[in-house]
Structure formats: structure tokens, C-alpha cells
Amino acid sequence: MRSLSDTVRRLSRQRYASEVPRTVASPLKPLERFGPNPGELRGWCYAPQSIAPSPALVVVLHGCTQSSAVYDACSGWSRLADDYGFALLFPEQVRSNNSNLCFNWFNPADVRRGSGEVLSIRQMVEHMIERCNVDRSRIFITGLSAGGAMANAMLAAYPDVFSAGTILAGLPYMAASTVPEAFDRMRGYGLPNTEALQAKIRSAFDHKGPWPRISVWHGTGDDTVVPANATAIVEQWRGVHGIGPHPSSTKRRGSRTLHIWKNASGRGVIELHTLSGMAHGAPLDTAAGHEKSGAFFLDVGISSTVETARAWGLGGPKLPTCPTDGIRAAAASALRWTGLRPRS
């Protein structure tokens with residue numbers, strides 16, 4: 001097991017081109033008076049000028065050492081929201097909870113439904129629903145690293161709230177219950193077996209409705225949160241979705257391998273995106289125009305932000321605030337994101 005100080009030093013040494021400082025100009029606004037806030041988190045939000053009448057809501061959770069403003073500046077979520085009219089919520093950790101600004105995904109009191117940090121995030125979500133007239137059938141969540149682990153916790157504790165979630169370099173739900181165990185799991189040591197992982201999801205909430213769709217992204221070169229955690233997340237969610245261990249399809253393109261598991265109805269419910277050689281971070285494509293590379297934001301020519309938004313039905317034609325030519329340009333841009341080209 002690596003010590004806490006050793007891991008933090010390793011995290012701080014990992015820097016990538018065009019790093020964005022922790023304090024940046026940001027369009028995010030503070031979210032205030034959203035509830036009792038038992039987890040004592042901070043909240044930020046964004047609603048674009050051209051917001052849809054009953055918009056979707058995307059909840060975005062930063063990683064350790066990060067702020068919501070920097071995460072948004074690099075991931076490009078608010079710029080994408082400007083194009084497509086959905087609302088954003090950025091819960092943010094504070095140092096009094098965790099000195100490294102990690103969400104406490106390993107603390108049982110913070111990941112159980114109805115308590116701690118997950119309840120604070122749930123209160124923020126409800127506040128945004130009322131404030132922006134959010135469509136309750138289109139609430140999504142994503143996060144990176146510790147934020148990915150906490151996104152997984154939210155999906156497990158509140159499957160009745162979220163339609164889908166994307167976990168970037170994250171960890172399974174309730175895989176650890178102490179700080180030493182958390183660092184062991186990050187290194188791939190002591191991960192629960194499939195039966196135990198699936199039991200943790202089932203015991204989180206007695207859910208009777210459809211379960212959220214899950215998308216997992218992980219680099220094979222990640223030595224901070226090793227790829228075994230991505231496999232464990234898939235194993236964890238297979239049980240409630242009632243699917244077998246083998247993917248329904250596998251697609252390879254460039255450095256990425258995409259495994260898709262479909263349920264009995266033929267719907268894709270779990271995805272695993274494996275990026276060959278990628279280190280710890282969120283995969284980006286700065287050429288798409290929404291994102292910026294930085295610490296733990298890796299320009300690998302594949303945009304997890306854009307592809308996630310499109311998978312959730314958020315990346316269609318831009319809102320019609322411009323003439324027809326503008327809409328055509330938006331459609332062409334969407335095609336470029338997928339690597340396709342419009343017919344001549």
C-alpha cells in the first residue's frame with residue numbers, strides 16, 4: 001500500500017501541457033440555500049442564456065486537488081451547455097472535509113443514501129430541478145477519479161434520480177471504508193469479488209425501477225487508479241442490469257477499445273471505454289473547440305465530454321438561436337466529433 005503522502009506527491013508531479021491554474025475566470029455561479037447540506041459541500045451551477053424550457057441537468061464532480069471552475073474550464077461542459085441548452089451542477093469539496101479536496105467516496109457515512117456528501121449533492125439536484133424546471137427523466141452525472149468514485153456512489157444510492165452516469169478513472173461503490181483501504185483499492189489491491197461488488201449495489205437502495213446506464217472510461221497507462229477498477233465497476237453493475245460477463249459487442253478504433261453490454265431488450269446499458277497508454281485523467285479532444293488540456297485533462301483526440309453528452313441525447317443540433325446556416329454548421333460539427341463527414 002502506498003502512503004497518503006507518497007500518493008499525493010505523485011499526483012502533484014503529474015502535469016500536462018497548458019495546465020490551467022486552480023483559480024480561473026468562470027461562468028459558474030454559487031448555489032446557495034439548497035438545503036441543510038449535511039456533507040458541508042459547496043455548490044456551483046450554470047444555466048445558459050438559451051436554456052431549454054424543460055432542460056436536462058448534468059452533475060459534474062471534480063477530482064482531487066481540483067476546483068469546479070478549473071474542471072469546467074478544461075472539460076468544456078459549460079461551453080457545451082451554451083450550445084445545447086442544458087443546466088449544470090458542480091458540487092465542490094472543501095478543505096475542512098478533505099485536505100486534498102477529494103470527495104470522501106471511501107467514507108461509509110458520506111456515500112449512504114440519506115446521509116453525508118451524497119445527501120448534500122441530492123439536495124443540490126433537487127434545488128436545480130425546482131430552479132430550472134429540470135426534466136426529471138433527464139438527470140445525469142459524471143466525475144473524474146475521486147469524483148468518478150463519488151458519481152458511482154450517487155448512481156448506487158440514488159438510482160431513482162439519475163438516468164445515466166459516466167465514470168472517468170473512478171472506483172467501485174463501497175470498495176473501501178477507510179483511507180488506507182482507499183489507497184489499496186486505487187492500486188488494485190483487495191478489490192471485492194464480483195458477488196460482493198454486486199451485493200453492495202443491491203443493498204444501497206431497494207430500487208424497483210430501471211437502473212441507470214453506466215459508461216466507464218479508463219486509460220491502460222493509469223498507475224494512480226489502476227484499470228482493474230474499471231473492470232470492477234462493470235462487474236458491479238452487471239448484476240442489477242441482469243447481463244452476463246461477456247460484452248455484446250467490441251469496437252476498436254485507434255487507441256480506444258469500446259465494449260458494450262446490452263440487456264435482454266437489446267439496449268446498451270454498460271459501456272467500457274479503454275484507452276491504450278493513457279495515464280490518469282479525462283480524455284479530451286481540444287480540436288473540438290470546447291476543451292482545454294491541463295493537469296489530468298489529456299488531449300488524446302477523443303472527447304469524453306462530447307461523447308458523453310451525445311450518448312445522453314444532449315448533443316443534437318444547437319438551439320435555433322441562429323439562421324438555418326447556423327444549424328447546418330452545428331450538425332456538421334456534431335459529425336466531426338464522431339469522426340464522420342457529411343455527404344457531399
# chains A, B, ... in the order shown; residues from 1 in each chain; ligands from 1
>>> residues_around(residues="Pro283 in chain A", least_positions_apart="2", cutoff="7 Å", atoms="only C-alpha atoms", output="PyMOL selection string")
chain A and resi 281+297-300+302-304
>>> residues_around(residues="range 250-257 of chain A", least_positions_apart="5", cutoff="7 Å", atoms="only C-alpha atoms", output="list in words")
His273, Thr274, Leu275 and Ser276 of chain A
>>> residues_around(residues="range 157-166 of chain A", least_positions_apart="4", cutoff="6 Å", atoms="only C-alpha atoms", output="list of chain:residue names")
A:Arg113, A:Ile139, A:Phe140, A:Ile141, A:Thr142, A:Ala153, A:Ala204, A:Phe205, A:Trp211, A:Pro212, A:Arg213, A:Ile214, A:Ser215, A:Val216
>>> write_last_selection(atoms="N, CA, C and O atoms", output="compact mmCIF listing (two decimals), in the first residue's frame")
# COMPACT_ATOMS: atom_id res chain seq x y z
N ARG A 113 -27.23 6.46 1.12
CA ARG A 113 -28.41 7.24 0.81
C ARG A 113 -28.94 7.90 2.09
O ARG A 113 -29.09 7.26 3.13
N ILE A 139 -31.68 13.50 -15.92
CA ILE A 139 -30.68 13.94 -14.97
C ILE A 139 -29.52 12.96 -15.04
O ILE A 139 -29.70 11.74 -14.93
N PHE A 140 -28.32 13.49 -15.23
CA PHE A 140 -27.14 12.68 -15.49
C PHE A 140 -26.01 13.11 -14.55
O PHE A 140 -26.03 14.22 -14.02
N ILE A 141 -25.02 12.25 -14.40
CA ILE A 141 -23.89 12.58 -13.53
C ILE A 141 -22.60 12.02 -14.12
O ILE A 141 -22.60 10.96 -14.75
N THR A 142 -21.52 12.77 -13.91
CA THR A 142 -20.20 12.33 -14.35
C THR A 142 -19.17 12.84 -13.36
O THR A 142 -19.40 13.80 -12.63
N ALA A 153 -21.09 6.39 -6.52
CA ALA A 153 -21.84 6.32 -5.26
C ALA A 153 -23.22 6.95 -5.42
O ALA A 153 -24.22 6.43 -4.90
N ALA A 204 -27.70 -0.81 -1.54
CA ALA A 204 -27.65 0.65 -1.40
C ALA A 204 -29.04 1.26 -1.34
O ALA A 204 -29.26 2.25 -0.63
N PHE A 205 -29.98 0.68 -2.11
CA PHE A 205 -31.35 1.19 -2.15
C PHE A 205 -32.24 0.14 -2.78
O PHE A 205 -31.86 -0.47 -3.77
N TRP A 211 -32.61 0.77 -13.90
CA TRP A 211 -31.33 1.20 -13.34
C TRP A 211 -30.62 2.13 -14.32
O TRP A 211 -30.79 2.03 -15.54
N PRO A 212 -29.80 3.03 -13.81
CA PRO A 212 -29.08 3.96 -14.71
C PRO A 212 -28.14 3.23 -15.65
O PRO A 212 -27.56 2.20 -15.29
N ARG A 213 -28.00 3.77 -16.84
CA ARG A 213 -26.98 3.28 -17.76
C ARG A 213 -25.61 3.77 -17.28
O ARG A 213 -25.48 4.88 -16.76
N ILE A 214 -24.59 2.95 -17.46
CA ILE A 214 -23.26 3.23 -16.93
C ILE A 214 -22.24 3.25 -18.07
O ILE A 214 -22.21 2.34 -18.90
N SER A 215 -21.40 4.28 -18.08
CA SER A 215 -20.29 4.36 -19.02
C SER A 215 -19.01 4.56 -18.22
O SER A 215 -18.93 5.46 -17.39
N VAL A 216 -18.03 3.71 -18.46
CA VAL A 216 -16.76 3.74 -17.73
C VAL A 216 -15.63 4.03 -18.71
O VAL A 216 -15.54 3.39 -19.77
>>> closest_residue(among="A:Ala149, A:Val118, A:Ala182, A:Leu61", to="Pro91 in chain A", atoms="only C-alpha atoms")
A:Leu61
>>> closest_residue(among="A:Thr220, A:Phe90, A:Ser96, A:Val240", to="Asp206 in chain A", atoms="only C-alpha atoms")
A:Val240
>>> select_by_dssp(residues="range 29-272 of chain A", states="strand (DSSP E)", output="ChimeraX atom specification")
/A:29-30,42-46,57-61,87-92,139-144,164-168,213-219,249-253,256-262,268-272
>>> residues_around(residues="Glu130 in chain A", least_positions_apart="4", cutoff="12 Å", atoms="only C-alpha atoms", output="VMD selection string")
chain A and resid 34 54 to 55 57 87 123 to 126 134 to 136
